[in-house]
Each structure stands twice: as C-alpha cells, then as structure tokens.
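Reproduced below: structure.tsv, with TSV, C-alpha atoms.
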```tsv
chain	number	residue	atom	x	y	z
A	1	ALA	CA	-14.00	4.58	-8.73
A	2	GLN	CA	-13.34	1.70	-11.05
A	3	SER	CA	-12.16	-1.86	-10.67
A	4	VAL	CA	-11.41	-4.93	-12.76
A	5	THR	CA	-11.74	-8.57	-11.84
A	6	GLN	CA	-10.06	-11.24	-13.89
A	7	LEU	CA	-11.71	-14.42	-12.83
A	8	ASP	CA	-8.89	-16.83	-13.62
A	9	SER	CA	-5.27	-16.40	-12.58
A	10	GLN	CA	-4.14	-19.18	-14.91
A	11	VAL	CA	-5.70	-20.86	-17.94
A	12	PRO	CA	-3.98	-23.94	-19.37
A	13	VAL	CA	-5.03	-25.02	-22.87
A	14	PHE	CA	-3.76	-27.22	-25.64
A	15	GLU	CA	-2.58	-25.80	-28.92
A	16	GLU	CA	-5.37	-25.21	-31.49
A	17	ALA	CA	-8.06	-25.27	-28.79
A	18	PRO	CA	-10.34	-22.28	-28.24
A	19	VAL	CA	-9.86	-20.08	-25.20
A	20	GLU	CA	-11.81	-17.48	-23.24
A	21	LEU	CA	-10.24	-15.21	-20.64
A	22	ARG	CA	-12.85	-13.63	-18.42
A	23	CYS	CA	-12.97	-10.05	-17.24
A	24	ASN	CA	-15.58	-8.17	-15.23
A	25	TYR	CA	-15.41	-4.49	-14.45
A	26	SER	CA	-17.10	-1.79	-12.45
A	27	SER	CA	-17.00	1.89	-13.25
A	28	SER	CA	-19.00	4.94	-12.28
A	29	VAL	CA	-18.20	6.80	-15.51
A	30	SER	CA	-18.21	6.10	-19.21
A	31	VAL	CA	-16.37	2.90	-19.91
A	32	TYR	CA	-13.34	2.39	-22.03
A	33	LEU	CA	-12.01	-1.16	-21.88
A	34	PHE	CA	-8.73	-2.69	-22.93
A	35	TRP	CA	-6.85	-5.94	-23.10
A	36	TYR	CA	-3.07	-5.80	-22.92
A	37	VAL	CA	-0.66	-8.71	-23.39
A	38	GLN	CA	2.70	-9.21	-21.73
A	39	TYR	CA	5.05	-11.75	-23.29
A	40	PRO	CA	7.80	-13.17	-21.05
A	41	ASN	CA	10.36	-10.55	-20.06
A	42	GLN	CA	8.69	-7.81	-22.06
A	43	GLY	CA	6.55	-4.77	-21.45
A	44	LEU	CA	2.82	-4.63	-22.10
A	45	GLN	CA	1.35	-4.08	-25.52
A	46	LEU	CA	-2.20	-3.31	-26.58
A	47	LEU	CA	-4.19	-6.29	-27.81
A	48	LEU	CA	-7.52	-4.55	-28.40
A	49	LYS	CA	-9.74	-1.79	-27.07
A	50	TYR	CA	-13.39	-0.86	-26.75
A	51	LEU	CA	-14.15	2.85	-26.80
A	52	SER	CA	-17.64	2.93	-28.35
A	53	GLY	CA	-19.68	1.45	-31.19
A	54	SER	CA	-19.79	-2.24	-32.00
A	55	THR	CA	-19.64	-4.41	-28.92
A	56	LEU	CA	-17.52	-7.03	-30.69
A	57	VAL	CA	-13.96	-5.81	-30.94
A	58	LYS	CA	-11.25	-7.46	-32.99
A	59	GLY	CA	-7.61	-7.15	-32.05
A	60	ILE	CA	-4.22	-8.39	-33.12
A	61	ASN	CA	-3.18	-12.02	-33.45
A	62	GLY	CA	-6.75	-13.28	-33.98
A	63	PHE	CA	-8.09	-12.21	-30.58
A	64	GLU	CA	-11.49	-10.64	-30.09
A	65	ALA	CA	-13.52	-9.43	-27.13
A	66	GLU	CA	-17.15	-8.67	-26.52
A	67	PHE	CA	-18.38	-5.78	-24.42
A	68	ASN	CA	-21.48	-6.71	-22.45
A	69	LYS	CA	-22.85	-3.74	-20.58
A	70	SER	CA	-25.62	-5.61	-18.75
A	71	GLN	CA	-23.18	-8.17	-17.39
A	72	THR	CA	-20.34	-5.66	-17.01
A	73	SER	CA	-18.03	-8.03	-18.79
A	74	PHE	CA	-15.35	-7.83	-21.46
A	75	HIS	CA	-14.24	-11.39	-22.10
A	76	LEU	CA	-11.36	-12.13	-24.45
A	77	ARG	CA	-11.58	-15.02	-26.92
A	78	LYS	CA	-9.56	-16.78	-29.55
A	79	PRO	CA	-10.92	-19.70	-31.59
A	80	SER	CA	-7.59	-21.51	-31.94
A	81	VAL	CA	-4.51	-20.73	-29.86
A	82	HIS	CA	-0.86	-21.18	-30.72
A	83	ILE	CA	2.15	-21.90	-28.54
A	84	SER	CA	3.24	-18.31	-29.18
A	85	ASP	CA	0.11	-17.03	-27.40
A	86	THR	CA	1.61	-18.10	-24.09
A	87	ALA	CA	1.71	-14.84	-22.14
A	88	GLU	CA	0.01	-12.92	-19.37
A	89	TYR	CA	-3.12	-11.02	-20.33
A	90	PHE	CA	-4.40	-7.96	-18.51
A	91	CYS	CA	-7.86	-6.47	-18.71
A	92	ALA	CA	-8.07	-2.76	-17.93
A	93	VAL	CA	-10.72	-0.08	-17.52
A	94	SER	CA	-10.10	3.61	-18.12
A	95	GLY	CA	-11.33	6.54	-16.13
A	96	TYR	CA	-10.58	10.18	-16.91
A	97	SER	CA	-7.02	10.13	-15.70
A	98	THR	CA	-6.19	6.58	-14.71
A	99	LEU	CA	-6.12	3.13	-16.20
A	100	THR	CA	-6.96	0.40	-13.70
A	101	PHE	CA	-5.68	-3.10	-14.41
A	102	GLY	CA	-6.86	-6.49	-13.33
A	103	LYS	CA	-4.44	-8.88	-11.68
A	104	GLY	CA	-3.77	-10.72	-14.91
A	105	THR	CA	-4.46	-14.14	-16.40
A	106	MET	CA	-1.58	-16.36	-17.40
A	107	LEU	CA	-2.41	-18.25	-20.59
A	108	LEU	CA	-0.36	-21.43	-20.84
A	109	VAL	CA	-0.52	-23.14	-24.23
A	110	SER	CA	0.96	-26.60	-24.49
A	111	PRO	CA	1.45	-28.87	-27.53
B	1	GLU	CA	11.13	4.49	-33.65
B	2	ALA	CA	8.33	5.61	-31.33
B	3	GLN	CA	9.11	4.34	-27.88
B	4	VAL	CA	9.25	4.76	-24.13
B	5	THR	CA	12.75	4.26	-22.75
B	6	GLN	CA	13.46	3.35	-19.15
B	7	ASN	CA	16.80	3.15	-17.39
B	8	PRO	CA	18.18	1.22	-15.70
B	9	ARG	CA	16.57	-2.02	-16.80
B	10	TYR	CA	17.96	-3.88	-13.81
B	11	LEU	CA	19.18	-2.55	-10.49
B	12	ILE	CA	20.15	-4.04	-7.15
B	13	THR	CA	20.53	-1.54	-4.36
B	14	VAL	CA	20.49	-1.35	-0.56
B	15	THR	CA	17.96	0.07	1.84
B	16	GLY	CA	18.11	3.84	2.12
B	17	LYS	CA	20.25	4.58	-0.92
B	18	LYS	CA	18.43	7.11	-3.08
B	19	LEU	CA	17.85	6.11	-6.66
B	20	THR	CA	16.17	7.45	-9.77
B	21	VAL	CA	14.62	5.47	-12.60
B	22	THR	CA	14.48	7.58	-15.73
B	23	CYS	CA	11.71	7.49	-18.31
B	24	SER	CA	11.72	9.25	-21.63
B	25	GLN	CA	9.26	9.19	-24.56
B	26	ASN	CA	9.80	10.48	-28.09
B	27	MET	CA	6.15	10.67	-29.17
B	28	ASN	CA	5.28	14.12	-27.79
B	29	HIS	CA	2.73	12.49	-25.48
B	30	GLU	CA	1.04	14.62	-22.85
B	31	TYR	CA	0.18	11.85	-20.41
B	32	MET	CA	2.77	9.75	-18.58
B	33	SER	CA	2.45	7.26	-15.75
B	34	TRP	CA	4.40	4.88	-13.54
B	35	TYR	CA	3.19	1.43	-12.54
B	36	ARG	CA	4.63	-1.31	-10.41
B	37	GLN	CA	3.96	-4.95	-11.15
B	38	ASP	CA	4.01	-7.56	-8.40
B	39	PRO	CA	3.06	-11.26	-8.66
B	40	GLY	CA	-0.62	-11.78	-8.03
B	41	LEU	CA	-1.32	-8.06	-7.79
B	42	GLY	CA	-1.20	-7.02	-11.43
B	43	LEU	CA	-0.16	-3.47	-12.24
B	44	ARG	CA	-0.78	-0.71	-9.75
B	45	GLN	CA	-0.40	2.95	-10.58
B	46	ILE	CA	2.16	4.91	-8.58
B	47	TYR	CA	1.96	8.42	-10.05
B	48	TYR	CA	0.77	10.00	-13.25
B	49	SER	CA	1.18	13.27	-15.07
B	50	MET	CA	-1.35	14.81	-17.41
B	51	ASN	CA	1.04	17.47	-18.67
B	52	VAL	CA	4.20	19.38	-17.84
B	53	GLU	CA	4.32	20.47	-14.19
B	54	VAL	CA	1.12	18.51	-13.45
B	55	THR	CA	1.51	15.33	-11.42
B	56	ASP	CA	-0.86	13.36	-9.21
B	57	LYS	CA	-0.86	10.33	-6.97
B	58	GLY	CA	-2.03	6.95	-8.14
B	59	ASP	CA	-3.00	4.02	-5.96
B	60	VAL	CA	0.37	3.32	-4.32
B	61	PRO	CA	2.39	6.58	-4.12
B	62	GLU	CA	3.99	6.07	-0.70
B	63	GLY	CA	7.78	6.10	-0.83
B	64	TYR	CA	7.96	7.55	-4.34
B	65	LYS	CA	8.36	10.97	-5.91
B	66	VAL	CA	8.09	12.14	-9.50
B	67	SER	CA	8.66	15.29	-11.50
B	68	ARG	CA	7.60	16.48	-14.94
B	69	LYS	CA	9.75	19.43	-15.89
B	70	GLU	CA	9.81	18.55	-19.57
B	71	LYS	CA	7.19	16.86	-21.68
B	72	ARG	CA	9.37	13.94	-22.67
B	73	ASN	CA	10.78	12.97	-19.25
B	74	PHE	CA	9.09	11.56	-16.16
B	75	PRO	CA	11.63	10.24	-13.65
B	76	LEU	CA	10.64	8.08	-10.68
B	77	ILE	CA	12.56	8.85	-7.50
B	78	LEU	CA	12.94	6.58	-4.50
B	79	GLU	CA	14.35	8.81	-1.77
B	80	SER	CA	14.95	6.02	0.74
B	81	PRO	CA	14.23	2.65	-0.84
B	82	SER	CA	12.98	-0.20	1.30
B	83	PRO	CA	12.72	-3.94	0.55
B	84	ASN	CA	8.95	-3.67	-0.04
B	85	GLN	CA	9.76	-1.55	-3.07
B	86	THR	CA	11.41	-4.51	-4.75
B	87	SER	CA	9.32	-4.80	-7.89
B	88	LEU	CA	9.10	-4.50	-11.65
B	89	TYR	CA	8.41	-0.93	-12.69
B	90	PHE	CA	6.84	0.26	-15.92
B	91	CYS	CA	6.65	3.72	-17.35
B	92	ALA	CA	3.94	4.42	-19.92
B	93	SER	CA	2.71	7.33	-22.00
B	94	SER	CA	-0.39	8.29	-23.94
B	95	PRO	CA	-1.19	10.97	-26.54
B	96	ASP	CA	-3.83	12.78	-24.53
B	97	SER	CA	-4.63	13.58	-20.96
B	98	GLY	CA	-7.02	10.69	-20.63
B	99	ALA	CA	-5.58	7.31	-19.80
B	100	ASN	CA	-6.41	5.71	-23.12
B	101	VAL	CA	-4.01	3.70	-25.27
B	102	LEU	CA	-0.77	3.47	-23.36
B	103	THR	CA	2.65	2.79	-24.80
B	104	PHE	CA	4.78	0.97	-22.23
B	105	GLY	CA	8.49	0.90	-21.63
B	106	ALA	CA	10.31	-2.41	-21.34
B	107	GLY	CA	10.36	-2.31	-17.55
B	108	SER	CA	12.90	-1.79	-14.78
B	109	ARG	CA	13.48	-4.61	-12.32
B	110	LEU	CA	14.50	-3.19	-8.97
B	111	THR	CA	15.75	-5.20	-6.01
B	112	VAL	CA	16.23	-3.50	-2.65
B	113	LEU	CA	18.30	-5.49	-0.14
```
Represent the structure contained in this file as structure tokens.
Amino acid sequence: AQSVTQLDSQVPVFEEAPVELRCNYSSSVSVYLFWYVQYPNQGLQLLLKYLSGSTLVKGINGFEAEFNKSQTSFHLRKPSVHISDTAEYFCAVSGYSTLTFGKGTMLLVSP
Amino acid sequence: EAQVTQNPRYLITVTGKKLTVTCSQNMNHEYMSWYRQDPGLGLRQIYYSMNVEVTDKGDVPEGYKVSRKEKRNFPLILESPSPNQTSLYFCASSPDSGANVLTFGAGSRLTVL
C-alpha cells in the first residue's frame, strides 16, 4: 500500500519570493515519485519525476524537488515564483499498477 | 498531436439516467485509468486497465463500470448515476503497464441532480 501526504492545502506567497511545497509519502515497494501541476480549468501535467539516480530532480518552469529517503519526503521548491505559477500542485507516488495522489496544494501567488 | 480526449467535457444529468464518458488516446499506450477529483480529496482512482481486456478496480469503483475492448478507448459507464457521483473526472494513459508518467485528458465535469 502507498500513500501521500501534502502538508499544506494552500500556500500564499508574493511574486518573486521562494516557495516550498511539502510532500511526504509511504510505500512498501520501490518508489517512483512525481509532481503534477493543474492550472485553472485544465487537466494535470507532469512537472517533474524521480525514478532513480540523483536525488535532486529538475523539472519544467524552474521547479525542482529533492528525494529524501530517510525522511520519506519529496518537497517541491522554486527560488522565485511568478504570478503564472498560481495553480494546484499534486504530489504522487507510483506502485506497480496505480498512481496515488496527495490531496493537492494550492499555490497562490500575488503581486 | 499526442493527446487523451474525453467527451463530454460538461454534462448535467438526473439520478438514474445511464451515461457514458468516452476516453480515447492516440499514443498507442497500454495503460489507461480513470480518476475523479473532488475538493479537498485530490484525485482518487476509479478503475484502471493495463492492457486490452484487462481492467481492475481502483480505490473508488462503486457505481462505475469500464471496458477496454480496444487499446485506444476506455469508456467510463455510470449505470445509475447518483448525486454523490457529481465530480470532475479525468482519464489518463501511460506507455507501459506501470503507472508511470501519465498523460491526462482535459477533464469531464459531471453534475447529477
């Protein structure tokens, strides 16, 4: 069984500030981890993924995430956010046949 | 263009009236899945299919049926919709049988009165 906990349901930040969206997971099998982004009124799209190798993963739009096995975390970060980053972000963990999502974190960027 | 296409995008129906939400992908993907998205609950998997004629239940399969007669299509069937099935539904597909990088459709917003 696997599960994902996104620790914040909403994160408000000002434009150009750094941001971290937190994600913790549990899984009884090998871990594949993902962050997906959902812009208003759209479907989900892949932001970045960790399958193996380097624990620091870089994704699109300047986002990156770090896999920490000992803390079972996969936090998402961006050093400077833009208004256009306003969206809902979902952390997900993959098992053999299913992808389990967290409940999402709404990132609200204001000027 | 590689994509997952869902129809209808919006639908209002009444309790008990059977409906089908179609899903089609043009990427020759083996794996397909349906999710529902509800506020505060994130995405929950309804059913998935690892290949043609192979389907399995996800976390919330009650009240839904699926079929996978062709590789490209994976319709979601609500035999007797109820108001608690009012939700935003997403179809997704992936190249292999593992649930790795998913390509999502644009979503189907269903309201059951």
query = In Å, with one decimal, what is the gap from CA of Phe63 (chain A) to CA of Lys78 (chain A)?
reply = 4.9 Å
Contact residues (chain A, partner chain B, 8 Å, only C-alpha atoms) as a PDB file with C-alpha atoms, in the frame of the given file:
```pdb
ATOM      1  CA  SER A   9      -5.270 -16.400 -12.580  1.00  0.00           C
ATOM      2  CA  TYR A  32     -13.340   2.390 -22.030  1.00  0.00           C
ATOM      3  CA  GLN A  42       8.690  -7.810 -22.060  1.00  0.00           C
ATOM      4  CA  GLY A  43       6.550  -4.770 -21.450  1.00  0.00           C
ATOM      5  CA  LEU A  44       2.820  -4.630 -22.100  1.00  0.00           C
ATOM      6  CA  GLN A  45       1.350  -4.080 -25.520  1.00  0.00           C
ATOM      7  CA  LEU A  46      -2.200  -3.310 -26.580  1.00  0.00           C
ATOM      8  CA  PHE A  90      -4.400  -7.960 -18.510  1.00  0.00           C
ATOM      9  CA  SER A  94     -10.100   3.610 -18.120  1.00  0.00           C
ATOM     10  CA  GLY A  95     -11.330   6.540 -16.130  1.00  0.00           C
ATOM     11  CA  TYR A  96     -10.580  10.180 -16.910  1.00  0.00           C
ATOM     12  CA  SER A  97      -7.020  10.130 -15.700  1.00  0.00           C
ATOM     13  CA  THR A  98      -6.190   6.580 -14.710  1.00  0.00           C
ATOM     14  CA  LEU A  99      -6.120   3.130 -16.200  1.00  0.00           C
ATOM     15  CA  THR A 100      -6.960   0.400 -13.700  1.00  0.00           C
ATOM     16  CA  PHE A 101      -5.680  -3.100 -14.410  1.00  0.00           C
ATOM     17  CA  GLY A 102      -6.860  -6.490 -13.330  1.00  0.00           C
ATOM     18  CA  LYS A 103      -4.440  -8.880 -11.680  1.00  0.00           C
ATOM     19  CA  GLY A 104      -3.770 -10.720 -14.910  1.00  0.00           C
TER      20      GLY A 104
END
```
request  = Would you list the contacts of Gln71 (chain A) as a ChimeraX atom specification, taking every protein, DNA or RNA residue within 12 Å and counting only C-alpha atoms, but skipping same-chain residues closer than 6 positions in sequence?
outcome  = /A:22-26
Atom pair CA of Thr5 (chain A) / CA of Val4 (chain B): separation (Å) =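 Between CA of Thr5 (chain A) and CA of Val4 (chain B) the gap works out to 27.7 Å.
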request  = Dump as JSON, numbers by chain all residues having an atom at most 12 Å from (-7.9, -22.3, -33.9), computed in the file's coordinates with only C-alpha atoms.
outcome  = {"A": [13, 14, 15, 16, 17, 18, 19, 61, 62, 63, 77, 78, 79, 80, 81, 82, 83, 85]}
Using only C-alpha atoms: which of A:Ser84, A:Asn68, A:Ser3, A:Ser52 has the shortest distance to Val37 (chain A) = A:Ser84
message = Using Å and a single decimal, report how far CA of Ser24 (chain B) sits from CA of Gln6 (chain B).
response =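 Pair CA of Gln6 (chain B) / CA of Ser24 (chain B) returns 6.6 Å.
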Non-local contacts of Leu56 (chain A) (10 Å; only C-alpha atoms; under 5 positions in same chain excluded) as a PyMOL selection string = chain A and resi 50+64-68+74
Spatial neighbours of Thr86 (chain B), max dist 6 Å, only C-alpha atoms, sep filter under 6 positions, as a PyMOL selection string = chain B and resi 110-112
key: Cut-off 10 Å around (5.5, 14.2, -24.8) with only C-alpha atoms: residues as a list in words   = Ser24, Gln25, Asn26, Met27, Asn28, His29, Glu30, Tyr31, Met32, Asn51, Val52, Glu70, Lys71, Arg72, Asn73, Phe74, Ser93, Ser94, Pro95 and Asp96 of chain B
message = Between B:Val60, B:Glu53, B:Ile46, B:Ser67, which residue has the minimum interatomic distance to Thr22 (chain B), considering only C-alpha atoms?
response =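 Nearest candidate to Thr22 (chain B) out of B:Val60, B:Glu53, B:Ile46, B:Ser67: B:Ser67.
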Generate the missing atoms of region 26-43 of chain A up to N, CA, C and O atoms and report them as a JSON list (two decimals), in the coordinates of the input.
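Contents of part31.json, as written:
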```
[["chain", "number", "residue", "atom", "x", "y", "z"],
["A", 26, "SER", "N", -16.12, -2.73, -13.00],
["A", 26, "SER", "CA", -17.10, -1.79, -12.45],
["A", 26, "SER", "C", -16.53, -0.39, -12.65],
["A", 26, "SER", "O", -15.33, -0.16, -12.52],
["A", 27, "SER", "N", -17.43, 0.52, -13.01],
["A", 27, "SER", "CA", -17.00, 1.89, -13.25],
["A", 27, "SER", "C", -18.18, 2.81, -13.07],
["A", 27, "SER", "O", -19.29, 2.47, -13.48],
["A", 28, "SER", "N", -17.93, 3.98, -12.51],
["A", 28, "SER", "CA", -19.00, 4.94, -12.28],
["A", 28, "SER", "C", -19.09, 5.97, -13.40],
["A", 28, "SER", "O", -19.95, 6.83, -13.39],
["A", 29, "VAL", "N", -18.19, 5.86, -14.39],
["A", 29, "VAL", "CA", -18.20, 6.80, -15.51],
["A", 29, "VAL", "C", -18.26, 6.03, -16.82],
["A", 29, "VAL", "O", -18.35, 4.81, -16.83],
["A", 30, "SER", "N", -18.20, 6.75, -17.90],
["A", 30, "SER", "CA", -18.21, 6.10, -19.21],
["A", 30, "SER", "C", -17.06, 5.11, -19.30],
["A", 30, "SER", "O", -15.96, 5.35, -18.80],
["A", 31, "VAL", "N", -17.31, 4.01, -19.95],
["A", 31, "VAL", "CA", -16.37, 2.90, -19.91],
["A", 31, "VAL", "C", -15.54, 2.80, -21.18],
["A", 31, "VAL", "O", -16.08, 2.77, -22.29],
["A", 32, "TYR", "N", -14.27, 2.79, -20.98],
["A", 32, "TYR", "CA", -13.34, 2.39, -22.03],
["A", 32, "TYR", "C", -12.62, 1.15, -21.51],
["A", 32, "TYR", "O", -12.10, 1.16, -20.39],
["A", 33, "LEU", "N", -12.57, 0.11, -22.32],
["A", 33, "LEU", "CA", -12.01, -1.16, -21.88],
["A", 33, "LEU", "C", -10.90, -1.62, -22.80],
["A", 33, "LEU", "O", -10.94, -1.38, -24.00],
["A", 34, "PHE", "N", -9.93, -2.29, -22.20],
["A", 34, "PHE", "CA", -8.73, -2.69, -22.93],
["A", 34, "PHE", "C", -8.30, -4.10, -22.52],
["A", 34, "PHE", "O", -8.55, -4.53, -21.39],
["A", 35, "TRP", "N", -7.63, -4.76, -23.44],
["A", 35, "TRP", "CA", -6.85, -5.94, -23.10],
["A", 35, "TRP", "C", -5.41, -5.65, -23.56],
["A", 35, "TRP", "O", -5.18, -5.25, -24.70],
["A", 36, "TYR", "N", -4.49, -5.90, -22.62],
["A", 36, "TYR", "CA", -3.07, -5.80, -22.92],
["A", 36, "TYR", "C", -2.45, -7.19, -22.75],
["A", 36, "TYR", "O", -2.91, -8.01, -21.94],
["A", 37, "VAL", "N", -1.37, -7.44, -23.49],
["A", 37, "VAL", "CA", -0.66, -8.71, -23.39],
["A", 37, "VAL", "C", 0.78, -8.45, -23.01],
["A", 37, "VAL", "O", 1.38, -7.46, -23.45],
["A", 38, "GLN", "N", 1.30, -9.31, -22.15],
["A", 38, "GLN", "CA", 2.70, -9.21, -21.73],
["A", 38, "GLN", "C", 3.38, -10.55, -22.00],
["A", 38, "GLN", "O", 3.12, -11.54, -21.33],
["A", 39, "TYR", "N", 4.25, -10.56, -23.00],
["A", 39, "TYR", "CA", 5.05, -11.75, -23.29],
["A", 39, "TYR", "C", 6.19, -11.83, -22.29],
["A", 39, "TYR", "O", 6.59, -10.81, -21.72],
["A", 40, "PRO", "N", 6.74, -13.00, -22.07],
["A", 40, "PRO", "CA", 7.80, -13.17, -21.05],
["A", 40, "PRO", "C", 8.91, -12.17, -21.22],
["A", 40, "PRO", "O", 9.42, -11.95, -22.33],
["A", 41, "ASN", "N", 9.25, -11.51, -20.12],
["A", 41, "ASN", "CA", 10.36, -10.55, -20.06],
["A", 41, "ASN", "C", 10.19, -9.35, -20.98],
["A", 41, "ASN", "O", 11.18, -8.79, -21.46],
["A", 42, "GLN", "N", 8.94, -8.97, -21.23],
["A", 42, "GLN", "CA", 8.69, -7.81, -22.06],
["A", 42, "GLN", "C", 7.70, -6.87, -21.36],
["A", 42, "GLN", "O", 7.11, -7.22, -20.34],
["A", 43, "GLY", "N", 7.56, -5.70, -21.93],
["A", 43, "GLY", "CA", 6.55, -4.77, -21.45],
["A", 43, "GLY", "C", 5.18, -5.15, -21.97],
["A", 43, "GLY", "O", 5.01, -6.18, -22.64]]
```
